[in-house]
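Colleague: Got coords-v9.cif for you, mmCIF, C-alpha atoms:
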```cif
data_model
#
loop_
_atom_site.group_PDB
_atom_site.id
_atom_site.type_symbol
_atom_site.label_atom_id
_atom_site.label_comp_id
_atom_site.auth_asym_id
_atom_site.auth_seq_id
_atom_site.Cartn_x
_atom_site.Cartn_y
_atom_site.Cartn_z
ATOM 1 C CA MET A 1 -15.928 -17.120 0.982
ATOM 2 C CA ASP A 2 -17.185 -14.958 3.853
ATOM 3 C CA TYR A 3 -17.219 -11.217 3.191
ATOM 4 C CA ILE A 4 -14.000 -9.694 4.534
ATOM 5 C CA LYS A 5 -14.765 -6.601 6.584
ATOM 6 C CA GLY A 6 -11.141 -6.013 7.369
ATOM 7 C CA PHE A 7 -8.322 -3.663 8.272
ATOM 8 C CA THR A 8 -4.574 -4.015 7.941
ATOM 9 C CA PHE A 9 -3.068 -3.622 11.401
ATOM 10 C CA GLY A 10 0.358 -2.756 12.747
ATOM 11 C CA TRP A 11 2.276 -2.212 9.505
ATOM 12 C CA MET A 12 6.003 -1.574 10.117
ATOM 13 C CA SER A 13 5.782 -2.753 13.723
ATOM 14 C CA GLY A 14 9.143 -3.874 15.060
ATOM 15 C CA LYS A 15 10.444 -6.084 17.842
ATOM 16 C CA GLY A 16 8.480 -5.555 21.040
ATOM 17 C CA ASP A 17 5.774 -3.341 19.530
ATOM 18 C CA PHE A 18 3.007 -5.938 19.896
ATOM 19 C CA ARG A 19 3.988 -6.544 23.534
ATOM 20 C CA LYS A 20 2.957 -3.044 24.575
ATOM 21 C CA PRO A 21 -0.535 -2.553 25.997
ATOM 22 C CA GLU A 22 -1.131 0.331 23.577
ATOM 23 C CA ALA A 23 -1.030 -2.112 20.653
ATOM 24 C CA LYS A 24 -3.719 -4.371 22.078
ATOM 25 C CA GLU A 25 -5.841 -1.377 22.985
ATOM 26 C CA SER A 26 -5.477 -0.131 19.420
ATOM 27 C CA LEU A 27 -6.642 -3.477 18.034
ATOM 28 C CA ARG A 28 -9.579 -3.471 20.434
ATOM 29 C CA LEU A 29 -10.570 0.003 19.259
ATOM 30 C CA MET A 30 -10.267 -1.073 15.634
ATOM 31 C CA ALA A 31 -12.701 -3.931 16.181
ATOM 32 C CA GLU A 32 -15.073 -1.848 18.302
ATOM 33 C CA ARG A 33 -15.179 1.319 16.230
ATOM 34 C CA THR A 34 -15.043 0.066 12.637
ATOM 35 C CA GLY A 35 -17.254 -3.017 12.709
ATOM 36 C CA SER A 36 -14.405 -5.099 11.281
ATOM 37 C CA SER A 37 -14.725 -8.874 11.159
ATOM 38 C CA HIS A 38 -11.141 -9.514 9.986
ATOM 39 C CA VAL A 39 -7.678 -8.209 10.766
ATOM 40 C CA ILE A 40 -4.719 -8.489 8.410
ATOM 41 C CA PHE A 41 -1.382 -8.651 10.177
ATOM 42 C CA ALA A 42 1.072 -7.397 7.539
ATOM 43 C CA LEU A 43 4.722 -8.075 8.350
ATOM 44 C CA ALA A 44 7.611 -6.192 6.713
ATOM 45 C CA ALA A 45 10.757 -8.239 6.193
ATOM 46 C CA HIS A 46 13.773 -6.425 4.736
ATOM 47 C CA GLN A 47 16.149 -6.862 1.853
ATOM 48 C CA ASP A 48 18.963 -4.376 1.430
ATOM 49 C CA HIS A 49 17.992 -3.148 -2.059
ATOM 50 C CA PRO A 50 15.957 -4.304 -5.102
ATOM 51 C CA GLN A 51 18.722 -6.599 -6.382
ATOM 52 C CA ALA A 52 19.588 -8.186 -3.033
ATOM 53 C CA VAL A 53 18.807 -11.908 -2.850
ATOM 54 C CA GLU A 54 18.481 -12.310 0.935
ATOM 55 C CA VAL A 55 15.115 -11.654 2.564
ATOM 56 C CA LYS A 56 15.766 -10.866 6.230
ATOM 57 C CA TYR A 57 12.900 -11.862 8.488
ATOM 58 C CA ARG A 58 14.700 -12.033 11.799
ATOM 59 C CA GLY A 59 15.738 -8.890 13.625
ATOM 60 C CA THR A 60 14.491 -5.764 15.323
ATOM 61 C CA HIS A 61 12.545 -4.633 12.227
ATOM 62 C CA LEU A 62 9.911 -7.328 12.805
ATOM 63 C CA VAL A 63 7.796 -8.383 15.755
ATOM 64 C CA ASP A 64 9.011 -11.611 17.357
ATOM 65 C CA ASP A 65 7.111 -14.796 16.592
ATOM 66 C CA ASP A 66 5.820 -15.152 20.127
ATOM 67 C CA GLU A 67 4.412 -11.635 20.252
ATOM 68 C CA LEU A 68 2.767 -12.147 16.843
ATOM 69 C CA VAL A 69 1.153 -15.350 18.120
ATOM 70 C CA ASP A 70 0.019 -13.555 21.271
ATOM 71 C CA MET A 71 -1.578 -10.787 19.172
ATOM 72 C CA ILE A 72 -3.298 -13.312 16.910
ATOM 73 C CA ARG A 73 -4.766 -14.987 19.992
ATOM 74 C CA TYR A 74 -5.854 -11.632 21.385
ATOM 75 C CA ALA A 75 -7.578 -10.863 18.074
ATOM 76 C CA ARG A 76 -9.547 -14.080 18.528
ATOM 77 C CA THR A 77 -10.834 -12.887 21.902
ATOM 78 C CA LEU A 78 -12.211 -9.815 20.082
ATOM 79 C CA GLY A 79 -14.092 -12.043 17.647
ATOM 80 C CA LEU A 80 -11.775 -11.220 14.744
ATOM 81 C CA ARG A 81 -10.775 -13.592 11.994
ATOM 82 C CA VAL A 82 -7.110 -13.406 11.073
ATOM 83 C CA ILE A 83 -5.242 -13.064 7.790
ATOM 84 C CA LEU A 84 -1.446 -13.209 7.803
ATOM 85 C CA LYS A 85 0.420 -11.228 5.132
ATOM 86 C CA PRO A 86 4.226 -11.401 5.248
ATOM 87 C CA THR A 87 5.757 -9.046 2.699
ATOM 88 C CA VAL A 88 9.105 -7.364 2.121
ATOM 89 C CA ASN A 89 10.493 -3.833 1.981
ATOM 90 C CA CYS A 90 13.805 -2.639 0.578
ATOM 91 C CA THR A 91 15.937 -1.082 3.286
ATOM 92 C CA ASP A 92 17.144 1.589 0.840
ATOM 93 C CA GLY A 93 13.566 2.825 0.441
ATOM 94 C CA THR A 94 12.864 1.437 -3.038
ATOM 95 C CA TRP A 95 9.302 0.190 -3.385
ATOM 96 C CA ARG A 96 9.119 -3.616 -3.442
ATOM 97 C CA ALA A 97 7.445 -3.560 -6.869
ATOM 98 C CA HIS A 98 10.902 -2.846 -8.315
ATOM 99 C CA ILE A 99 12.599 -5.979 -6.974
ATOM 100 C CA ASN A 100 13.944 -7.431 -10.199
ATOM 101 C CA PHE A 101 16.708 -9.543 -11.759
ATOM 102 C CA PHE A 102 17.878 -10.633 -15.210
ATOM 103 C CA ASP A 103 15.636 -13.231 -16.836
ATOM 104 C CA ILE A 104 18.741 -15.053 -18.093
ATOM 105 C CA ASP A 105 21.248 -16.044 -15.429
ATOM 106 C CA VAL A 106 24.575 -14.247 -15.736
ATOM 107 C CA PRO A 107 27.645 -15.269 -13.705
ATOM 108 C CA CYS A 108 28.493 -12.833 -10.912
ATOM 109 C CA GLU A 109 25.044 -11.202 -11.108
ATOM 110 C CA PRO A 110 22.212 -11.759 -8.587
ATOM 111 C CA LYS A 111 19.691 -14.352 -9.704
ATOM 112 C CA TRP A 112 15.964 -14.936 -9.421
ATOM 113 C CA LYS A 113 16.536 -18.495 -8.158
ATOM 114 C CA ASP A 114 18.489 -17.240 -5.150
ATOM 115 C CA TRP A 115 15.949 -14.570 -4.292
ATOM 116 C CA PHE A 116 13.008 -16.963 -4.583
ATOM 117 C CA ARG A 117 14.826 -19.532 -2.422
ATOM 118 C CA SER A 118 15.153 -16.960 0.363
ATOM 119 C CA TYR A 119 11.660 -15.559 -0.171
ATOM 120 C CA THR A 120 10.095 -19.037 -0.021
ATOM 121 C CA ALA A 121 11.817 -19.818 3.291
ATOM 122 C CA PHE A 122 10.449 -16.505 4.631
ATOM 123 C CA GLN A 123 6.914 -17.325 3.498
ATOM 124 C CA LYS A 124 6.975 -20.864 4.841
ATOM 125 C CA HIS A 125 8.156 -19.629 8.236
ATOM 126 C CA TYR A 126 5.034 -17.510 8.645
ATOM 127 C CA ALA A 127 2.786 -20.014 6.910
ATOM 128 C CA ALA A 128 3.671 -22.492 9.659
ATOM 129 C CA ILE A 129 2.547 -19.927 12.247
ATOM 130 C CA ALA A 130 -0.653 -19.334 10.260
ATOM 131 C CA GLU A 131 -1.324 -23.071 10.302
ATOM 132 C CA GLN A 132 -0.566 -23.388 14.018
ATOM 133 C CA GLU A 133 -2.942 -20.524 14.829
ATOM 134 C CA LYS A 134 -5.561 -21.576 12.250
ATOM 135 C CA CYS A 135 -5.498 -18.234 10.420
ATOM 136 C CA GLU A 136 -8.307 -17.978 7.913
ATOM 137 C CA MET A 137 -6.075 -16.824 5.064
ATOM 138 C CA PHE A 138 -2.436 -16.427 4.117
ATOM 139 C CA ILE A 139 -1.308 -13.820 1.555
ATOM 140 C CA VAL A 140 1.965 -14.904 -0.073
ATOM 141 C CA GLY A 141 3.077 -11.502 -1.354
ATOM 142 C CA CYS A 142 2.130 -7.896 -1.957
ATOM 143 C CA GLU A 143 2.654 -5.655 -4.994
ATOM 144 C CA MET A 144 5.692 -7.542 -6.304
ATOM 145 C CA VAL A 145 5.026 -6.221 -9.793
ATOM 146 C CA GLN A 146 8.355 -6.861 -11.546
ATOM 147 C CA SER A 147 8.464 -10.404 -10.219
ATOM 148 C CA GLU A 148 4.960 -11.371 -11.294
ATOM 149 C CA ARG A 149 6.132 -12.425 -14.758
ATOM 150 C CA ARG A 150 8.038 -15.270 -13.081
ATOM 151 C CA ASP A 151 5.102 -17.641 -13.352
ATOM 152 C CA GLN A 152 6.828 -20.887 -12.399
ATOM 153 C CA GLU A 153 8.658 -19.476 -9.397
ATOM 154 C CA TRP A 154 5.467 -18.029 -7.921
ATOM 155 C CA ARG A 155 3.712 -21.349 -8.408
ATOM 156 C CA GLU A 156 6.553 -22.965 -6.486
ATOM 157 C CA VAL A 157 6.259 -20.397 -3.658
ATOM 158 C CA ILE A 158 2.545 -21.185 -3.360
ATOM 159 C CA ALA A 159 3.188 -24.936 -3.475
ATOM 160 C CA GLY A 160 5.772 -24.529 -0.710
ATOM 161 C CA VAL A 161 3.318 -22.601 1.437
ATOM 162 C CA ARG A 162 0.689 -25.300 0.913
ATOM 163 C CA GLU A 163 3.135 -27.873 2.287
ATOM 164 C CA VAL A 164 2.752 -26.280 5.729
ATOM 165 C CA TYR A 165 -0.531 -24.342 5.570
ATOM 166 C CA THR A 166 -3.987 -25.755 4.813
ATOM 167 C CA GLY A 167 -6.108 -22.566 4.767
ATOM 168 C CA LEU A 168 -6.984 -20.188 1.944
ATOM 169 C CA VAL A 169 -4.034 -18.777 0.003
ATOM 170 C CA SER A 170 -4.084 -15.414 -1.791
ATOM 171 C CA TYR A 171 -1.676 -13.050 -3.506
ATOM 172 C CA ASN A 172 -2.077 -9.251 -3.408
ATOM 173 C CA THR A 173 -1.149 -7.690 -6.748
ATOM 174 C CA ASP A 174 -0.897 -3.938 -7.192
ATOM 175 C CA LYS A 175 -3.473 -1.570 -8.643
ATOM 176 C CA TYR A 176 -3.884 -1.881 -12.441
ATOM 177 C CA GLN A 177 -2.081 -5.261 -12.470
ATOM 178 C CA GLU A 178 -5.040 -7.618 -11.996
ATOM 179 C CA ASP A 179 -5.064 -8.613 -15.670
ATOM 180 C CA HIS A 180 -1.287 -9.180 -15.887
ATOM 181 C CA VAL A 181 -0.900 -12.007 -13.358
ATOM 182 C CA LYS A 182 -1.089 -15.288 -15.291
ATOM 183 C CA TRP A 183 -0.982 -17.665 -12.333
ATOM 184 C CA TRP A 184 -4.218 -16.769 -10.548
ATOM 185 C CA ASP A 185 -5.286 -20.403 -10.962
ATOM 186 C CA ALA A 186 -2.666 -21.324 -8.324
ATOM 187 C CA VAL A 187 -4.319 -19.336 -5.492
ATOM 188 C CA ASP A 188 -7.670 -19.739 -3.770
ATOM 189 C CA VAL A 189 -8.482 -16.028 -3.594
ATOM 190 C CA ILE A 190 -7.434 -13.197 -5.939
ATOM 191 C CA SER A 191 -6.650 -9.868 -4.298
ATOM 192 C CA SER A 192 -5.268 -6.476 -5.242
ATOM 193 C CA SER A 193 -4.573 -3.009 -3.888
ATOM 194 C CA GLY A 194 -7.556 -0.755 -4.543
ATOM 195 C CA TYR A 195 -5.956 2.665 -4.728
ATOM 196 C CA TYR A 196 -8.033 3.946 -7.631
ATOM 197 C CA PRO A 197 -8.845 7.620 -8.155
ATOM 198 C CA ILE A 198 -12.234 8.815 -7.015
ATOM 199 C CA GLY A 199 -14.447 8.876 -10.101
ATOM 200 C CA ASP A 200 -12.545 6.018 -11.803
ATOM 201 C CA TRP A 201 -13.790 3.106 -9.731
ATOM 202 C CA GLU A 202 -16.588 2.058 -12.093
ATOM 203 C CA ALA A 203 -14.212 1.731 -15.048
ATOM 204 C CA GLN A 204 -11.609 -0.122 -13.011
ATOM 205 C CA LEU A 205 -14.164 -2.499 -11.540
ATOM 206 C CA ASP A 206 -15.385 -3.305 -15.060
ATOM 207 C CA ARG A 207 -11.798 -4.104 -16.072
ATOM 208 C CA ILE A 208 -11.041 -6.201 -12.984
ATOM 209 C CA GLU A 209 -14.258 -8.196 -13.351
ATOM 210 C CA GLN A 210 -13.323 -9.167 -16.891
ATOM 211 C CA ALA A 211 -9.740 -9.981 -15.894
ATOM 212 C CA ILE A 212 -10.595 -12.386 -13.085
ATOM 213 C CA ALA A 213 -13.743 -13.975 -14.554
ATOM 214 C CA PRO A 214 -11.895 -16.816 -16.378
ATOM 215 C CA TYR A 215 -10.419 -18.068 -13.098
ATOM 216 C CA GLY A 216 -13.663 -18.464 -11.158
ATOM 217 C CA LYS A 217 -11.998 -17.376 -7.905
ATOM 218 C CA PRO A 218 -13.254 -15.090 -5.118
ATOM 219 C CA PHE A 219 -11.797 -11.569 -5.138
ATOM 220 C CA PHE A 220 -11.228 -8.895 -2.503
ATOM 221 C CA PHE A 221 -9.214 -5.714 -2.109
ATOM 222 C CA ALA A 222 -6.426 -6.705 0.286
ATOM 223 C CA GLU A 223 -5.574 -3.007 0.508
ATOM 224 C CA ALA A 224 -7.588 0.149 -0.133
ATOM 225 C CA GLY A 225 -7.586 3.570 1.434
ATOM 226 C CA CYS A 226 -6.765 7.240 1.118
ATOM 227 C CA PRO A 227 -4.810 9.771 3.194
ATOM 228 C CA SER A 228 -6.728 12.650 4.799
ATOM 229 C CA ARG A 229 -4.975 15.202 2.628
ATOM 230 C CA SER A 230 -6.100 17.551 -0.108
ATOM 231 C CA GLY A 231 -5.625 15.990 -3.542
ATOM 232 C CA SER A 232 -5.254 12.452 -2.233
ATOM 233 C CA ALA A 233 -8.599 11.215 -3.552
ATOM 234 C CA GLN A 234 -7.134 11.502 -7.061
ATOM 235 C CA VAL A 235 -3.889 9.677 -6.201
ATOM 236 C CA PRO A 236 -4.719 7.627 -3.094
ATOM 237 C CA ASN A 237 -1.598 5.501 -3.507
ATOM 238 C CA ASP A 238 0.735 8.516 -3.149
ATOM 239 C CA TRP A 239 1.647 8.638 0.543
ATOM 240 C CA GLY A 240 4.134 11.431 -0.149
ATOM 241 C CA LEU A 241 1.723 13.824 -1.840
ATOM 242 C CA GLU A 242 1.978 17.347 -0.509
ATOM 243 C CA GLY A 243 -1.307 18.902 0.543
ATOM 244 C CA GLU A 244 -3.304 20.364 3.376
ATOM 245 C CA VAL A 245 -4.885 18.184 6.045
ATOM 246 C CA SER A 246 -8.373 17.280 4.834
ATOM 247 C CA ALA A 247 -10.480 14.721 6.675
ATOM 248 C CA GLU A 248 -13.281 15.585 4.249
ATOM 249 C CA GLU A 249 -11.203 14.430 1.267
ATOM 250 C CA GLN A 250 -10.657 11.050 2.886
ATOM 251 C CA GLU A 251 -14.338 10.822 3.809
ATOM 252 C CA ARG A 252 -15.417 11.539 0.209
ATOM 253 C CA PHE A 253 -13.052 8.889 -1.106
ATOM 254 C CA TYR A 254 -14.461 6.194 1.170
ATOM 255 C CA GLU A 255 -18.043 7.162 0.413
ATOM 256 C CA ALA A 256 -17.437 6.971 -3.342
ATOM 257 C CA MET A 257 -15.450 3.722 -3.172
ATOM 258 C CA PHE A 258 -18.052 1.943 -1.067
ATOM 259 C CA ARG A 259 -20.901 3.261 -3.220
ATOM 260 C CA ASP A 260 -19.353 1.867 -6.400
ATOM 261 C CA VAL A 261 -18.137 -1.423 -4.915
ATOM 262 C CA SER A 262 -21.473 -2.126 -3.210
ATOM 263 C CA GLN A 263 -22.967 -2.653 -6.673
ATOM 264 C CA ARG A 264 -20.513 -5.477 -7.407
ATOM 265 C CA ASP A 265 -21.313 -8.621 -5.461
ATOM 266 C CA TRP A 266 -18.194 -10.351 -6.801
ATOM 267 C CA VAL A 267 -16.037 -8.068 -4.628
ATOM 268 C CA ARG A 268 -15.869 -10.000 -1.369
ATOM 269 C CA GLY A 269 -14.411 -7.385 0.934
ATOM 270 C CA PHE A 270 -11.515 -5.175 1.982
ATOM 271 C CA GLY A 271 -8.352 -5.100 4.047
ATOM 272 C CA LEU A 272 -8.390 -1.333 4.472
ATOM 273 C CA TRP A 273 -5.121 0.595 4.806
ATOM 274 C CA ASP A 274 -4.395 0.994 7.616
ATOM 275 C CA TRP A 275 -4.794 0.945 11.393
ATOM 276 C CA SER A 276 -1.647 1.711 13.394
ATOM 277 C CA ALA A 277 -0.559 -0.247 16.449
ATOM 278 C CA TYR A 278 0.016 3.163 18.072
ATOM 279 C CA LEU A 279 -2.812 5.610 17.603
ATOM 280 C CA HIS A 280 -2.647 9.356 17.642
ATOM 281 C CA ALA A 281 -4.720 10.975 20.379
ATOM 282 C CA GLU A 282 -8.324 11.142 19.227
ATOM 283 C CA LYS A 283 -8.446 14.882 19.919
ATOM 284 C CA GLU A 284 -5.603 15.276 17.398
ATOM 285 C CA ALA A 285 -7.282 13.242 14.647
ATOM 286 C CA LEU A 286 -8.201 16.202 12.487
ATOM 287 C CA THR A 287 -4.575 17.355 12.403
ATOM 288 C CA ASP A 288 -3.348 14.015 11.034
ATOM 289 C CA ASP A 289 -2.976 13.706 7.242
ATOM 290 C CA GLY A 290 -2.177 9.994 7.023
ATOM 291 C CA TYR A 291 -4.137 6.897 5.983
ATOM 292 C CA GLY A 292 -5.420 6.238 9.501
ATOM 293 C CA VAL A 293 -9.108 6.872 10.134
ATOM 294 C CA TYR A 294 -9.222 6.810 13.936
ATOM 295 C CA GLY A 295 -11.360 9.723 15.117
ATOM 296 C CA LYS A 296 -11.930 10.991 11.568
ATOM 297 C CA PRO A 297 -15.223 11.138 9.620
ATOM 298 C CA ALA A 298 -14.104 8.225 7.413
ATOM 299 C CA GLU A 299 -14.200 5.962 10.457
ATOM 300 C CA GLN A 300 -17.960 6.360 10.630
ATOM 301 C CA VAL A 301 -18.314 5.804 6.878
ATOM 302 C CA ILE A 302 -16.464 2.512 7.235
ATOM 303 C CA ARG A 303 -18.502 1.437 10.242
ATOM 304 C CA ARG A 304 -21.787 2.125 8.448
ATOM 305 C CA PHE A 305 -20.636 0.186 5.396
ATOM 306 C CA TYR A 306 -19.344 -2.801 7.362
ATOM 307 C CA GLU A 307 -22.353 -2.944 9.646
ATOM 308 C CA GLY A 308 -24.628 -2.718 6.610
ATOM 309 C CA ILE A 309 -23.266 -6.095 5.524
ATOM 310 C CA ALA A 310 -25.539 -7.899 7.929
ATOM 311 C CA VAL A 311 -24.325 -11.454 7.463
ATOM 312 C CA ASP A 312 -21.424 -13.193 5.789
ATOM 313 C CA VAL A 313 -22.721 -15.159 2.850
#
```
Would you encode the structure as structure tokens?
Modeller:
Amino acid sequence: MDYIKGFTFGWMSGKGDFRKPEAKESLRLMAERTGSSHVIFALAAHQDHPQAVEVKYRGTHLVDDDELVDMIRYARTLGLRVILKPTVNCTDGTWRAHINFFDIDVPCEPKWKDWFRSYTAFQKHYAAIAEQEKCEMFIVGCEMVQSERRDQEWREVIAGVREVYTGLVSYNTDKYQEDHVKWWDAVDVISSSGYYPIGDWEAQLDRIEQAIAPYGKPFFFAEAGCPSRSGSAQVPNDWGLEGEVSAEEQERFYEAMFRDVSQRDWVRGFGLWDWSAYLHAEKEALTDDGYGVYGKPAEQVIRRFYEGIAVDV
């Protein structure tokens, strides 16, 4: 598998957002300034709460299909390879990892079979677009921790996706969960979210390497990143952490992560988190405490790392 020098783009974009010229200009800047070879278009469907069984993938909370296709085609003109990653958020704000149901069906209670039926239809809808546009990879889910024990249902989701999509299929588990997914044999590429504390990467990489070795599959971090905020390098997954703006903290995190990962040739890339469809003004970059790197020192760290990977092998 080619090394994925990637960024996640346009997370939480809604209807019409990809039609605006600012979005295409943002994608162009991402490609130009970071040295990325891949873009991950992550799409956020909604379900009302963690025990709702309907996944809603039509509405103003998502970009329309035609504008997604147009953005995929624009990415091609920039020389980018495309990964499609449809996932789901709970409208009530609960993290998707907590979507969960009884393991034994109970009358009048929501059921796994109903949720997976809706989720599979959602995935196949976007998998058909990925096939039409020849996307290089399709990621069938992200950080669905409580559901991952449902081995057979996830195998059926993947089989359903393969009915309409012929490219590489991955699943993005959450940090610390790489050794708990028992159905890695069903995907082509194993991926996870690399939000590990600075200073702990070596230990976590040792653990992940052992966990995935029996499957003989390529691996990459479908997400990884850190806010530019004091304290975030220790808890890079905590987007709500209170702290002072610190571009240096973000820079140190990226330097340490790339240093440790560069020693592991089995890690085949990143889908860094994240690049917004609407950028802050560059002159305001050092007042922004989010995950974005536009105009911050971490942007240059990423560019040097990506450009140092001279060829995809």
Colleague: With 4 Å on each side, where is the centre of the axis-aligned box around all listed atoms of range 286-305 of chain A, and how long are its edges in Å to one decimal, as AutoDock Vina command-line options?
Modeller:
```
--center_x -12.0 --center_y 8.8 --center_z 10.3 --size_x 27.6 --size_y 25.2 --size_z 17.7
```
Colleague: Once the PyMOL selection byres ((chain A and resi 140-147) around 7) has been applied to the shown file, what residues remain in the selection, as a VMD selection string?
Modeller: chain A and resid 85 to 87 96 to 100 123 138 to 139 148 to 150 170 to 174
Colleague: Using all atoms listed in the file, which residue out of A:Gly160, A:Pro236, A:Pro197, A:Gly93 lies closest to Asp48 in chain A?
Modeller: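 Looking at the shortest contact to Asp48 in chain A, the residue is A:Gly93.
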Colleague: Looking at only C-alpha atoms, which of A:Gly194, A:Gly199, A:Pro214, A:Gly35 is the one that sits closest to Leu78 in chain A?
Modeller: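 Among A:Gly194, A:Gly199, A:Pro214, A:Gly35, it is A:Gly35 that comes nearest to Leu78 in chain A.
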Colleague: Contacts of Leu62 in chain A at 6 Å or less, counting only C-alpha atoms, minus same-chain residues fewer than 2 places along, as a list in words?
Modeller: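 So, after excluding close chain neighbours, the residues are Gly14, Lys15 and Thr60 of chain A.
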Colleague: Skipping near chain neighbours, those fewer than 2 positions away, what residues fall within 6 Å of Phe9 in chain A using only C-alpha atoms, listed as a list in words?
Modeller: Trp11, Ile40, Phe41, Trp275 and Ser276 of chain A
Colleague: Please enumerate the residues selected by the PyMOL selection byres ((chain A and resi 208) around 12) when evaluated against the supplied file, formatted as a count of residues only.
Modeller: 36
Colleague: Of the candidates A:Thr166, A:Tyr74, A:Leu29, A:Val88, which one gets nearest to Gly295 in chain A if we count only C-alpha atoms?
Modeller: A:Leu29
Colleague: Using only C-alpha atoms, which of the listed residues (A:Tyr3, A:Phe253, A:Phe270, A:Phe116) sits closest to Ile309 in chain A?
Modeller: A:Tyr3
